[in-house]
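The file start_39.cif contains mmCIF, C-alpha atoms:
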data_data
loop_
_atom_site.label_atom_id
_atom_site.label_comp_id
_atom_site.auth_asym_id
_atom_site.auth_seq_id
_atom_site.Cartn_x
_atom_site.Cartn_y
_atom_site.Cartn_z
CA MET E 91 -124.52 -155.43 115.09
CA PRO E 92 -122.91 -153.60 117.94
CA LEU E 93 -122.30 -149.90 117.38
CA PHE E 94 -123.18 -150.08 113.67
CA ASP E 95 -125.13 -146.82 113.48
CA ARG E 96 -122.64 -144.92 115.57
CA LEU E 97 -119.65 -146.27 113.67
CA TYR E 98 -121.31 -145.28 110.41
CA ASN E 99 -122.03 -141.79 111.71
CA PHE E 100 -118.42 -141.42 112.84
CA ALA E 101 -117.10 -142.80 109.54
CA HIS E 102 -119.24 -140.35 107.57
CA TRP E 103 -117.98 -137.48 109.70
CA LEU E 104 -114.40 -138.54 108.98
CA THR E 105 -114.76 -139.17 105.27
CA GLN E 106 -117.50 -136.60 104.55
CA ASP E 107 -118.77 -138.93 101.85
CA ARG E 108 -121.46 -141.63 101.97
CA GLN E 109 -119.74 -144.13 99.68
CA GLU E 110 -116.40 -143.78 101.42
CA ALA E 111 -118.08 -144.07 104.82
CA GLU E 112 -119.77 -147.31 103.75
CA ASP E 113 -116.47 -148.72 102.49
CA LEU E 114 -114.80 -147.71 105.71
CA VAL E 115 -117.43 -149.33 107.94
CA GLN E 116 -117.43 -152.49 105.82
CA GLU E 117 -113.67 -152.79 106.07
CA THR E 118 -113.79 -152.08 109.81
CA PHE E 119 -116.28 -154.89 110.40
CA ALA E 120 -114.27 -157.27 108.24
CA LYS E 121 -111.07 -156.45 110.12
CA ALA E 122 -112.81 -156.66 113.50
CA LEU E 123 -114.19 -160.10 112.68
CA LYS E 124 -110.86 -161.34 111.41
CA GLY E 125 -108.91 -159.85 114.27
CA PHE E 126 -111.34 -160.64 117.04
CA ARG E 127 -108.73 -162.85 118.65
CA SER E 128 -106.55 -159.80 119.20
CA PHE E 129 -109.29 -158.25 121.31
CA GLN E 130 -108.58 -158.87 124.96
CA PRO E 131 -111.73 -159.53 126.96
CA GLY E 132 -112.07 -157.12 129.80
CA THR E 133 -110.53 -154.28 127.82
CA ASN E 134 -112.66 -151.66 126.13
CA PHE E 135 -114.46 -153.07 123.09
CA ARG E 136 -115.70 -149.69 121.91
CA ALA E 137 -112.22 -148.15 121.95
CA TRP E 138 -110.90 -151.21 120.13
CA ILE E 139 -113.37 -151.07 117.24
CA TYR E 140 -113.13 -147.27 116.89
CA GLN E 141 -109.38 -147.67 116.76
CA ILE E 142 -109.73 -150.13 113.88
CA LEU E 143 -112.05 -147.76 112.03
CA ARG E 144 -109.76 -144.82 112.53
CA ASN E 145 -106.59 -146.65 111.54
CA THR E 146 -108.35 -147.89 108.42
CA PHE E 147 -109.40 -144.35 107.64
CA LEU E 148 -105.91 -142.96 108.16
CA THR E 149 -104.46 -145.34 105.59
CA SER E 150 -107.18 -144.54 103.04
CA ARG E 151 -106.62 -141.92 100.38
CA THR E 152 -108.97 -139.42 102.03
CA GLY E 153 -107.40 -140.10 105.40
CA LEU E 154 -103.88 -139.55 104.13
CA ARG E 155 -104.94 -136.35 102.42
CA SER E 156 -106.77 -135.05 105.48
CA THR E 157 -103.88 -135.55 107.85
CA ALA E 158 -101.31 -134.26 105.37
CA THR E 159 -102.97 -130.84 105.27
CA VAL E 160 -103.16 -130.31 109.03
CA PRO E 161 -100.70 -127.74 110.33
CA LEU E 162 -98.25 -129.08 112.86
CA GLU E 163 -99.82 -128.96 116.28
CA LEU E 164 -98.00 -127.72 119.29
CA GLU E 165 -98.88 -130.46 121.69
CA ASP E 166 -97.73 -128.60 124.74
CA ASP E 167 -100.21 -129.37 127.47
CA GLN E 168 -99.70 -126.38 129.70
CA GLU E 169 -99.88 -123.84 126.96
CA ALA E 170 -103.10 -125.21 125.54
CA LEU E 171 -104.83 -125.40 128.87
CA LEU E 172 -103.96 -121.86 129.84
CA ALA E 173 -104.66 -120.38 126.45
CA SER E 174 -108.42 -120.58 126.81
CA ASN E 175 -109.07 -117.48 128.89
CA ASP E 176 -111.10 -115.42 126.44
CA THR E 177 -113.74 -113.12 127.86
CA PRO E 178 -117.02 -115.00 128.13
CA GLU E 179 -119.10 -112.22 126.56
CA SER E 180 -117.35 -112.46 123.25
CA ILE E 181 -117.87 -116.14 122.70
CA LEU E 182 -121.48 -116.98 123.29
CA LEU E 183 -122.53 -119.94 121.27
CA GLN E 184 -126.01 -120.37 122.63
CA ARG E 185 -127.85 -118.96 119.66
CA SER E 186 -126.04 -120.95 117.05
CA ASP E 187 -128.22 -123.58 115.52
CA GLN E 188 -127.42 -127.21 114.92
CA GLN E 189 -126.73 -126.80 111.22
CA LEU E 190 -124.17 -124.12 111.93
CA VAL E 191 -122.36 -126.33 114.42
CA GLN E 192 -122.46 -129.22 111.96
CA GLU E 193 -120.97 -127.08 109.25
CA ALA E 194 -118.28 -125.82 111.60
CA LEU E 195 -117.46 -129.38 112.71
CA GLY E 196 -117.14 -130.42 109.09
CA ARG E 197 -114.67 -127.63 108.46
CA LEU E 198 -112.37 -128.54 111.35
CA PRO E 199 -109.21 -130.52 110.61
CA VAL E 200 -109.80 -134.26 111.14
CA PRO E 201 -107.77 -134.52 114.40
CA TYR E 202 -109.94 -131.82 115.99
CA ARG E 203 -113.20 -133.14 114.55
CA GLU E 204 -112.59 -136.69 115.72
CA VAL E 205 -111.51 -135.79 119.25
CA LEU E 206 -114.59 -133.57 119.69
CA LEU E 207 -116.96 -136.25 118.42
CA LEU E 208 -115.39 -138.94 120.60
CA CYS E 209 -115.63 -136.75 123.69
CA GLU E 210 -118.95 -134.94 123.24
CA PHE E 211 -120.99 -137.27 121.07
CA GLU E 212 -119.59 -140.70 121.92
CA GLU E 213 -119.08 -139.55 125.52
CA MET E 214 -115.79 -141.38 125.79
CA SER E 215 -113.63 -140.78 128.84
CA TYR E 216 -110.18 -139.26 128.32
CA GLN E 217 -108.77 -142.72 128.88
CA GLU E 218 -110.93 -144.25 126.13
CA ILE E 219 -110.02 -141.43 123.76
CA SER E 220 -106.37 -141.94 124.59
CA ALA E 221 -106.73 -145.64 123.71
CA THR E 222 -108.73 -144.97 120.54
CA LEU E 223 -106.42 -142.32 119.13
CA ALA E 224 -103.26 -143.90 120.55
CA ILE E 225 -102.13 -140.62 122.11
CA PRO E 226 -101.17 -139.84 125.73
CA MET E 227 -103.78 -138.44 128.13
CA GLY E 228 -102.02 -135.05 128.23
CA THR E 229 -102.33 -134.80 124.48
CA VAL E 230 -106.02 -135.73 124.66
CA MET E 231 -106.58 -132.78 126.96
CA SER E 232 -104.56 -130.28 124.98
CA ARG E 233 -106.04 -131.39 121.66
CA LEU E 234 -109.56 -131.20 123.06
CA SER E 235 -108.90 -127.72 124.36
CA ARG E 236 -107.59 -126.60 120.97
CA ALA E 237 -110.40 -128.32 119.11
CA ARG E 238 -113.00 -126.56 121.25
CA GLY E 239 -111.32 -123.23 120.62
CA ALA E 240 -111.15 -123.91 116.89
CA LEU E 241 -114.82 -124.89 116.79
CA ARG E 242 -115.81 -121.74 118.64
CA ASP E 243 -113.80 -119.60 116.20
CA THR E 244 -115.26 -121.39 113.17
CA VAL E 245 -118.82 -120.96 114.43
CA GLN E 246 -118.21 -117.27 115.01
CA GLU E 247 -116.74 -116.91 111.57
CA LEU E 248 -119.76 -118.63 110.01
CA GLN E 249 -122.10 -116.45 112.06
CA ARG E 250 -120.45 -113.32 110.70
CA HIS E 251 -121.11 -114.37 107.10
CA MET A 115 -104.99 -113.82 137.42
CA ALA A 116 -106.33 -116.18 140.05
CA CYS A 117 -108.95 -117.56 137.68
CA ALA A 118 -106.38 -118.91 135.20
CA ARG A 119 -105.83 -121.81 137.56
CA TRP A 120 -109.50 -122.68 137.33
CA THR A 121 -110.22 -122.04 133.66
CA GLY A 122 -107.48 -124.52 132.82
CA LYS A 123 -109.48 -127.15 134.70
CA LEU A 124 -112.94 -126.22 133.49
CA ASP A 125 -112.91 -128.63 130.55
CA ALA A 126 -111.85 -131.59 132.67
CA TYR A 127 -114.47 -130.58 135.23
CA LEU A 128 -117.27 -130.50 132.66
CA ASP A 129 -116.05 -133.75 131.12
CA GLY A 130 -116.29 -135.38 134.55
CA GLU A 131 -112.55 -136.03 134.63
CA LEU A 132 -111.53 -134.16 137.78
CA SER A 133 -110.95 -135.96 141.06
CA ALA A 134 -113.72 -135.54 143.65
CA ASP A 135 -111.57 -133.12 145.67
CA GLU A 136 -110.66 -130.94 142.72
CA ALA A 137 -114.25 -130.92 141.49
CA ARG A 138 -115.47 -129.80 144.90
CA ALA A 139 -112.91 -127.00 145.02
CA LEU A 140 -113.85 -125.83 141.52
CA ASP A 141 -117.53 -126.06 142.48
CA GLU A 142 -116.92 -123.64 145.30
CA HIS A 143 -115.00 -121.28 143.07
CA LEU A 144 -117.79 -121.29 140.47
CA ARG A 145 -120.29 -120.28 143.12
CA GLU A 146 -118.19 -117.25 143.98
CA CYS A 147 -116.77 -116.19 140.62
CA ALA A 148 -119.23 -114.89 138.04
CA VAL A 149 -116.60 -114.77 135.29
CA CYS A 150 -115.67 -118.44 135.60
CA ALA A 151 -119.33 -119.42 136.04
CA ALA A 152 -120.22 -117.66 132.78
CA GLU A 153 -117.31 -119.32 131.02
CA GLY A 154 -118.40 -122.69 132.43
CA LEU A 155 -121.92 -122.11 131.16
CA ARG A 156 -120.65 -121.20 127.72
CA ARG A 157 -118.58 -124.39 127.56
CA VAL A 158 -121.53 -126.51 128.67
CA GLN A 159 -123.58 -124.97 125.90
CA GLN A 160 -120.90 -125.71 123.38
CA LYS A 161 -120.61 -129.29 124.64
CA ARG A 162 -124.36 -129.77 124.27
CA ALA A 163 -124.35 -128.16 120.83
CA VAL A 164 -121.68 -130.59 119.60
CA GLN A 165 -123.46 -133.50 121.23
CA ALA A 166 -126.65 -132.62 119.36
CA ALA A 167 -124.84 -131.86 116.11
CA GLY A 168 -122.82 -135.09 116.28
CA GLN A 169 -125.76 -137.23 115.22
CA ARG A 170 -125.96 -136.40 111.56
CA PHE A 171 -125.53 -139.41 109.29
CA ILE A 172 -127.75 -142.46 109.17
CA PRO A 173 -126.66 -145.62 107.37
CA ASP A 174 -128.60 -146.65 104.31
CA PRO A 175 -130.88 -149.67 105.03
CA ALA A 176 -129.48 -151.48 101.98
CA PHE A 177 -125.98 -151.00 103.33
CA ARG A 178 -127.02 -152.35 106.72
CA MET A 179 -128.43 -155.47 105.06
CA ARG A 180 -125.25 -155.95 103.08
CA ILE A 181 -123.07 -155.81 106.20
CA GLN A 182 -125.41 -158.09 108.11
CA LYS A 183 -125.19 -160.65 105.34
CA SER A 184 -121.43 -160.39 105.10
CA ILE A 185 -121.13 -161.00 108.83
CA ALA A 186 -123.55 -163.91 108.80
CA ALA A 187 -121.81 -165.69 105.93
CA PRO A 188 -118.17 -164.79 105.36
CA GLY A 189 -117.32 -165.57 101.74
CA PRO A 190 -114.99 -168.39 100.70
CA THR A 191 -112.32 -165.85 99.79
CA LEU A 192 -111.51 -165.58 103.47
CA TRP A 193 -110.40 -169.17 103.55
CA SER A 194 -108.02 -171.07 101.46
CA ARG A 195 -110.07 -173.69 99.59
CA ARG A 196 -107.61 -176.40 100.50
CA TRP A 197 -108.01 -175.94 104.22
CA PHE A 198 -111.72 -175.23 104.16
CA PRO A 199 -112.94 -178.81 104.93
CA VAL A 200 -110.32 -179.18 107.67
CA LEU A 201 -111.35 -175.90 109.18
CA ILE A 202 -115.02 -176.83 109.09
CA THR A 203 -114.34 -180.10 110.90
CA ALA A 204 -112.06 -178.45 113.41
CA THR A 205 -114.62 -175.69 114.02
CA ALA A 206 -117.41 -178.23 114.48
CA VAL A 207 -115.32 -180.22 116.98
CA ALA A 208 -114.31 -177.05 118.80
CA ALA A 209 -117.92 -175.84 118.87
CA LEU A 210 -119.05 -179.16 120.33
CA LEU A 211 -116.33 -179.05 122.98
CA ILE A 212 -117.16 -175.45 123.86
CA ALA A 213 -120.89 -176.19 123.97
CA GLY A 214 -120.26 -179.19 126.23
CA ALA A 215 -118.00 -177.20 128.52
CA PHE A 216 -120.52 -174.38 128.53
CA LEU A 217 -123.38 -176.68 129.53
CA LEU A 218 -121.30 -178.21 132.32
CA THR A 219 -120.31 -174.78 133.60
CA LEU A 220 -123.87 -173.58 133.35
CA GLN A 221 -125.10 -176.44 135.49
CA HIS A 222 -122.30 -175.92 137.93
CA ASP A 223 -122.98 -172.21 138.17
CA ARG A 224 -126.74 -172.43 138.38
CA GLY A 225 -128.05 -170.50 141.35
CA SER A 226 -124.64 -168.94 141.77
CA GLU A 227 -123.03 -165.57 141.29
CA HIS A 228 -123.22 -165.80 137.51
CA GLN A 229 -126.95 -166.31 137.61
CA LEU A 230 -127.34 -163.46 140.07
CA MET A 231 -125.37 -161.06 137.87
CA SER A 232 -127.40 -161.96 134.84
CA GLU A 233 -130.60 -161.40 136.82
CA LEU A 234 -129.41 -158.00 138.04
CA VAL A 235 -128.26 -156.92 134.59
CA ASP A 236 -131.68 -157.95 133.27
CA GLN A 237 -133.38 -155.89 135.93
CA HIS A 238 -131.17 -152.92 135.13
CA VAL A 239 -132.01 -153.15 131.43
CA ALA A 240 -135.71 -153.62 132.21
CA THR A 241 -135.62 -150.49 134.37
CA LEU A 242 -134.04 -148.48 131.57
CA ALA A 243 -136.62 -149.73 129.10
CA SER A 244 -139.55 -149.04 131.40
CA ALA A 245 -141.79 -146.04 130.87
CA ASN A 246 -141.92 -145.68 134.66
CA PRO A 247 -138.38 -146.60 135.67
CA VAL A 248 -138.76 -145.50 139.29
CA ASP A 249 -141.53 -145.74 141.88
CA VAL A 250 -140.25 -142.85 143.93
CA VAL A 251 -139.11 -139.95 141.79
CA SER A 252 -136.80 -137.63 143.62
CA THR A 253 -133.32 -136.24 143.47
CA ASP A 254 -133.43 -135.75 147.21
CA ARG A 255 -131.90 -138.56 149.21
CA HIS A 256 -133.97 -137.49 152.22
CA THR A 257 -137.11 -138.36 150.25
CA VAL A 258 -135.88 -141.55 148.63
CA LYS A 259 -134.49 -143.23 151.74
CA PRO A 260 -137.67 -142.91 153.90
CA TRP A 261 -139.77 -144.13 150.97
CA PHE A 262 -138.22 -147.59 151.37
CA GLU A 263 -139.26 -147.81 155.03
CA GLY A 264 -141.60 -150.75 155.55
CA LYS A 265 -141.02 -151.94 151.99
CA ILE A 266 -137.68 -153.63 152.52
CA PRO A 267 -136.41 -155.40 155.67
CA PHE A 268 -133.28 -153.23 156.10
CA THR A 269 -132.08 -149.67 155.82
CA PHE A 270 -129.12 -148.04 154.08
CA ASN A 271 -127.49 -144.64 153.65
CA LEU A 272 -127.47 -142.61 150.48
CA PRO A 273 -124.43 -140.53 149.54
CA GLU A 274 -124.17 -136.76 149.32
CA LEU A 275 -123.96 -136.10 145.56
CA GLN A 276 -123.31 -132.38 145.57
CA GLY A 277 -120.11 -131.63 143.73
CA SER A 278 -120.19 -134.96 141.92
CA PRO A 279 -121.40 -135.55 138.35
CA PHE A 280 -124.09 -137.92 139.60
CA VAL A 281 -127.77 -137.20 140.00
CA LEU A 282 -130.18 -139.37 141.94
CA VAL A 283 -133.20 -140.11 139.75
CA GLY A 284 -135.21 -142.20 142.20
CA GLY A 285 -135.72 -145.72 143.43
CA ARG A 286 -137.89 -148.81 143.33
CA VAL A 287 -138.27 -152.08 145.17
CA SER A 288 -136.52 -154.97 143.45
CA TYR A 289 -136.59 -158.70 144.11
CA VAL A 290 -133.94 -161.36 143.82
CA GLY A 291 -134.48 -164.93 145.01
CA GLN A 292 -137.84 -163.87 146.48
CA SER A 293 -136.13 -161.32 148.77
CA PRO A 294 -136.95 -157.63 148.45
CA GLY A 295 -134.18 -155.08 148.04
CA ALA A 296 -133.63 -151.52 146.86
CA GLU A 297 -132.84 -150.43 143.35
CA LEU A 298 -131.61 -146.85 143.09
CA ILE A 299 -131.22 -145.12 139.76
CA PHE A 300 -128.49 -142.55 139.25
CA ARG A 301 -127.68 -140.55 136.17
CA VAL A 302 -124.27 -139.42 135.02
CA ARG A 303 -124.32 -137.38 131.83
CA GLN A 304 -126.61 -139.46 129.57
CA HIS A 305 -125.97 -142.78 131.31
CA GLN A 306 -128.17 -144.41 133.90
CA ILE A 307 -126.65 -146.52 136.61
CA SER A 308 -128.57 -148.92 138.84
CA VAL A 309 -127.45 -149.58 142.39
CA PHE A 310 -128.96 -152.71 143.93
CA ILE A 311 -128.86 -153.34 147.66
CA PHE A 312 -129.89 -156.73 149.06
CA GLN A 313 -129.45 -158.60 152.30
CA GLU A 314 -126.49 -160.91 152.08
CA ARG A 315 -128.33 -163.95 153.35
CA GLY A 316 -130.29 -165.58 150.60
CA LEU A 317 -127.72 -164.50 148.00
CA PRO A 318 -125.06 -166.86 146.67
CA GLU A 319 -121.76 -166.58 148.48
CA ALA A 320 -119.53 -163.89 146.97
CA ARG A 321 -116.31 -165.20 145.55
CA GLU A 322 -113.00 -163.52 146.22
CA ASN A 323 -111.79 -160.82 143.82
CA GLU A 324 -115.32 -160.03 142.81
CA ALA A 325 -114.98 -156.35 143.56
CA GLU A 326 -114.44 -155.23 139.98
CA ARG A 327 -115.47 -156.69 136.68
CA THR A 328 -117.86 -156.52 133.80
CA ALA A 329 -120.90 -158.67 133.11
CA PHE A 330 -122.59 -158.96 129.71
CA SER A 331 -120.66 -155.88 128.60
CA PHE A 332 -121.99 -153.83 131.52
CA GLU A 333 -119.64 -152.47 134.12
CA VAL A 334 -120.37 -154.01 137.50
CA ARG A 335 -119.01 -153.24 140.94
CA SER A 336 -120.08 -155.19 143.99
CA TRP A 337 -119.12 -155.35 147.62
CA ARG A 338 -120.37 -156.40 151.05
CA HIS A 339 -120.98 -154.18 154.01
CA ASN A 340 -122.82 -154.74 157.28
CA GLY A 341 -124.70 -157.81 156.08
CA LEU A 342 -125.76 -156.11 152.85
CA ARG A 343 -124.52 -156.64 149.33
CA TYR A 344 -124.22 -153.72 146.94
CA PHE A 345 -124.16 -153.98 143.16
CA VAL A 346 -123.49 -151.01 140.88
CA ILE A 347 -124.40 -151.72 137.25
CA GLY A 348 -124.36 -149.49 134.22
CA ASP A 349 -122.95 -148.75 130.80
CA ALA A 350 -121.12 -145.61 131.94
CA SER A 351 -117.32 -145.63 132.03
CA ALA A 352 -115.38 -147.73 134.52
CA GLN A 353 -114.22 -144.55 136.27
CA ASP A 354 -117.80 -143.36 136.73
CA LEU A 355 -118.78 -146.69 138.28
CA ASP A 356 -115.75 -146.52 140.56
CA LYS A 357 -116.59 -142.98 141.61
CA LEU A 358 -120.23 -143.74 142.35
CA GLY A 359 -119.27 -146.96 144.14
CA GLU A 360 -116.83 -145.03 146.31
CA LEU A 361 -119.46 -142.39 147.21
CA ILE A 362 -121.93 -145.08 148.25
CA ARG A 363 -119.29 -147.03 150.17
CA VAL A 364 -118.35 -143.90 152.11
CA ALA A 365 -122.02 -143.19 152.91
CA GLY A 366 -122.77 -146.79 153.92
#

Since I need it in another form, could you write the structure as structure tokens?
Amino acid sequence: MPLFDRLYNFAHWLTQDRQEAEDLVQETFAKALKGFRSFQPGTNFRAWIYQILRNTFLTSRTGLRSTATVPLELEDDQEALLASNDTPESILLQRSDQQLVQEALGRLPVPYREVLLLCEFEEMSYQEISATLAIPMGTVMSRLSRARGALRDTVQELQRH
Amino acid sequence: MACARWTGKLDAYLDGELSADEARALDEHLRECAVCAAEGLRRVQQKRAVQAAGQRFIPDPAFRMRIQKSIAAPGPTLWSRRWFPVLITATAVAALLIAGAFLLTLQHDRGSEHQLMSELVDQHVATLASANPVDVVSTDRHTVKPWFEGKIPFTFNLPELQGSPFVLVGGRVSYVGQSPGAELIFRVRQHQISVFIFQERGLPEARENEAERTAFSFEVRSWRHNGLRYFVIGDASAQDLDKLGELIRVAG
């Protein structure tokens, strides 16, 4: 089964619950099989199936709840890209261990968590992320920039405690 | 602050999303500016940390079995009972027609481009799976190129990779249709890309519009130059393949 393990991992990150992740993956596979005709050969299969998974998640109860509690983002590209000029000394992450980063990722709002995972873990290009999340490239960049900043802040906060 | 211009581009640079020109310019700046270099390093570390932390949840084996079964045998609820026999017959007829067409095409294509692609993709996968993927291990093009001397009946140029996200891993001699050629392995982030170079004679004639496409879910780029045929194959993104292809084309 193509991408099964990765889709499950991503689903679990989104739902934060094993049972819900299983339901989500099952529904994604069912929808992908049923809708395979809507997949255009030559386009990106991975982006297509992640898009199905994500859309299914967003219409689930957990998905609706998770997006309802996210503060309104300013999706202004310029501002986000220029806002990341902290001094490098204050933001070293090198000593943080994996568990800490995992906990911080889990605490991020879903839009930040998913864009980080798609970029860093799934190694999707901006174009693939744009297709998966159905957002423009400029928004991919600004959201990534914000997500990285938020992750850094969360890790620091966890380190202090 | 002059650096603001660069810090805004650092993320795209580290994600391999800057154009070659911009990446080169930022490269130069990073060599001169300790502040931006430190910030770049910090962001690389964060990227790696997330990459490592991303793998966290493993599906339950029982769940995997359940999904496998559901895919193998979709339940009758998917189909209306009334149309089920009709669908089965129609599917059987369609399958027969497709199988027939497939066999005809296969015969027609035998020894052709299709066969060649499948062979090259197989070689690429075999290289990735091998414990010793390359016979000459070097990131230095001035070591890899001379290594092929006397092993293959032609020579080629390797691109300058400085400032690009690509790293030369090494090379090995590869064969297609009993003719020797070069297989070069490049790495971009975690992906490996094979570049095959063969003499054009002995290969099936390239069809038009073959420059860009995918084969067996791998990205493939191929072109002809000076009596040689080049094939770039990998599972990296289409843009990465384009970029690497362009670098090699310029060098050739």

message: With 6 Å as the limit and counting all atoms listed in the file, what residues in chain A lie close to chain E? Please list them as a ChimeraX atom specification.
response: /A:122,153,165,167-168,171

message: Here is a test: counting all atoms listed in the file, which residue of A:Val251, A:Val258, A:Cys117, A:Leu361 is nearest to Glu146 (chain A)?
response: A:Cys117

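The space separating CA of Thr105 (chain E) from CA of Pro226 (chain E) comes to 24.6 Å.
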
Polymer residues at most 12 Å from Gly264 (chain A), all atoms listed in the file, same-chain spacing of 4 or more positions, as a PDB file with C-alpha atoms, in the frame of the given file:
ATOM      1  CA  LYS A 259    -134.490-143.230 151.740  1.00  0.00           C
ATOM      2  CA  PRO A 260    -137.670-142.910 153.900  1.00  0.00           C
ATOM      3  CA  PHE A 268    -133.280-153.230 156.100  1.00  0.00           C
ATOM      4  CA  THR A 269    -132.080-149.670 155.820  1.00  0.00           C
ATOM      5  CA  VAL A 287    -138.270-152.080 145.170  1.00  0.00           C
ATOM      6  CA  PRO A 294    -136.950-157.630 148.450  1.00  0.00           C
ATOM      7  CA  GLY A 295    -134.180-155.080 148.040  1.00  0.00           C
ATOM      8  CA  ALA A 296    -133.630-151.520 146.860  1.00  0.00           C
TER       9      ALA A 296
END

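Using only C-alpha atoms, the shortest contact distance between Arg156 (chain A) and any of E:Thr222, E:Tyr140, E:Arg155, E:Gly239 is found at E:Gly239.
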
message: For this structure, which residues satisfy the selection - the PyMOL selection byres ((chain A and resi 128) around 12) - when it is evaluated on the file as given? I want them as a PyMOL selection string.
response: (chain E and resi 209-210+213+215) or (chain A and resi 120-127+129-133+137+140-141+151+153-162+277-279+302-303)

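Atom to atom, CA of Gln141 (chain E) and CA of Leu223 (chain E) stand 6.6 Å apart.
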
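Each of E:Ala122, E:Ala221, E:Met227, E:Ala237 was compared to Ala137 (chain E) using all atoms listed in the file, and E:Ala221 turns out to be the nearest.
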
Evaluate the PyMOL selection byres ((chain E and resi 144) around 9) and report residues as number ranges by chain: E: 101, 104, 114, 118, 139-143, 145-149, 153, 222-223

Write a file of the selected residues as a PDB file, in the coordinates of the input, keeping C-alpha atoms.
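Written file, result.pdb:
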ATOM      1  CA  ALA E 101    -117.100-142.800 109.540  1.00  0.00           C
ATOM      2  CA  LEU E 104    -114.400-138.540 108.980  1.00  0.00           C
ATOM      3  CA  LEU E 114    -114.800-147.710 105.710  1.00  0.00           C
ATOM      4  CA  THR E 118    -113.790-152.080 109.810  1.00  0.00           C
ATOM      5  CA  ILE E 139    -113.370-151.070 117.240  1.00  0.00           C
ATOM      6  CA  TYR E 140    -113.130-147.270 116.890  1.00  0.00           C
ATOM      7  CA  GLN E 141    -109.380-147.670 116.760  1.00  0.00           C
ATOM      8  CA  ILE E 142    -109.730-150.130 113.880  1.00  0.00           C
ATOM      9  CA  LEU E 143    -112.050-147.760 112.030  1.00  0.00           C
ATOM     10  CA  ASN E 145    -106.590-146.650 111.540  1.00  0.00           C
ATOM     11  CA  THR E 146    -108.350-147.890 108.420  1.00  0.00           C
ATOM     12  CA  PHE E 147    -109.400-144.350 107.640  1.00  0.00           C
ATOM     13  CA  LEU E 148    -105.910-142.960 108.160  1.00  0.00           C
ATOM     14  CA  THR E 149    -104.460-145.340 105.590  1.00  0.00           C
ATOM     15  CA  GLY E 153    -107.400-140.100 105.400  1.00  0.00           C
ATOM     16  CA  THR E 222    -108.730-144.970 120.540  1.00  0.00           C
ATOM     17  CA  LEU E 223    -106.420-142.320 119.130  1.00  0.00           C
TER      18      LEU E 223
END

Skip region 347-353 of chain A itself and residues of its chain fewer than 2 positions away, then list as a short mmCIF file (atom, residue, chain, number, x, y, z; two decimals) with C-alpha atoms, keeping the file's coordinate frame all residues within 8 Å of it, counting all atoms listed in the file.
data_model
loop_
_atom_site.label_atom_id
_atom_site.label_comp_id
_atom_site.auth_asym_id
_atom_site.auth_seq_id
_atom_site.Cartn_x
_atom_site.Cartn_y
_atom_site.Cartn_z
CA MET E 214 -115.79 -141.38 125.79
CA SER E 215 -113.63 -140.78 128.84
CA VAL A 235 -128.26 -156.92 134.59
CA HIS A 238 -131.17 -152.92 135.13
CA VAL A 302 -124.27 -139.42 135.02
CA HIS A 305 -125.97 -142.78 131.31
CA GLN A 306 -128.17 -144.41 133.90
CA ILE A 307 -126.65 -146.52 136.61
CA SER A 308 -128.57 -148.92 138.84
CA VAL A 309 -127.45 -149.58 142.39
CA SER A 331 -120.66 -155.88 128.60
CA PHE A 332 -121.99 -153.83 131.52
CA GLU A 333 -119.64 -152.47 134.12
CA VAL A 334 -120.37 -154.01 137.50
CA ARG A 335 -119.01 -153.24 140.94
CA PHE A 345 -124.16 -153.98 143.16
CA LEU A 355 -118.78 -146.69 138.28
CA ASP A 356 -115.75 -146.52 140.56
CA LYS A 357 -116.59 -142.98 141.61
#

message: Expand the PyMOL selection byres ((chain A and resi 298) around 12) into the explicit residue set it covers here, and present it as a ChimeraX atom specification.
response: /A:237-238,241-242,247-255,258-259,261-262,270-273,281-288,295-297,299-301,306-312,344-348,358,362

message: If I take CA of Ile185 (chain A) and CA of Ala204 (chain A), how far is one from the other in Å, to one decimal?
response: 20.2 Å

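Considering the residues E:Thr152, E:Ser232, E:Gln249, E:Ser220 and counting only C-alpha atoms, Tyr202 (chain E) has its shortest atom-to-atom contact with E:Ser232.
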
Can you take the partial region 131-135 of chain A, add N, CA, C and O atoms, and return it as a compact mmCIF listing (two decimals), keeping the file's coordinate frame?
# COMPACT_ATOMS: atom_id res chain seq x y z
N GLU A 131 -113.85 -135.38 134.53
CA GLU A 131 -112.55 -136.03 134.63
C GLU A 131 -111.71 -135.51 135.80
O GLU A 131 -110.56 -135.88 135.93
N LEU A 132 -112.29 -134.64 136.63
CA LEU A 132 -111.53 -134.16 137.78
C LEU A 132 -111.74 -135.11 138.96
O LEU A 132 -112.78 -135.75 139.06
N SER A 133 -110.78 -135.14 139.84
CA SER A 133 -110.95 -135.96 141.06
C SER A 133 -112.03 -135.30 141.91
O SER A 133 -112.34 -134.12 141.74
N ALA A 134 -112.61 -136.06 142.83
CA ALA A 134 -113.72 -135.54 143.65
C ALA A 134 -113.28 -134.27 144.40
O ALA A 134 -114.03 -133.30 144.47
N ASP A 135 -112.05 -134.28 144.91
CA ASP A 135 -111.57 -133.12 145.67
C ASP A 135 -111.45 -131.88 144.80
O ASP A 135 -111.90 -130.80 145.16
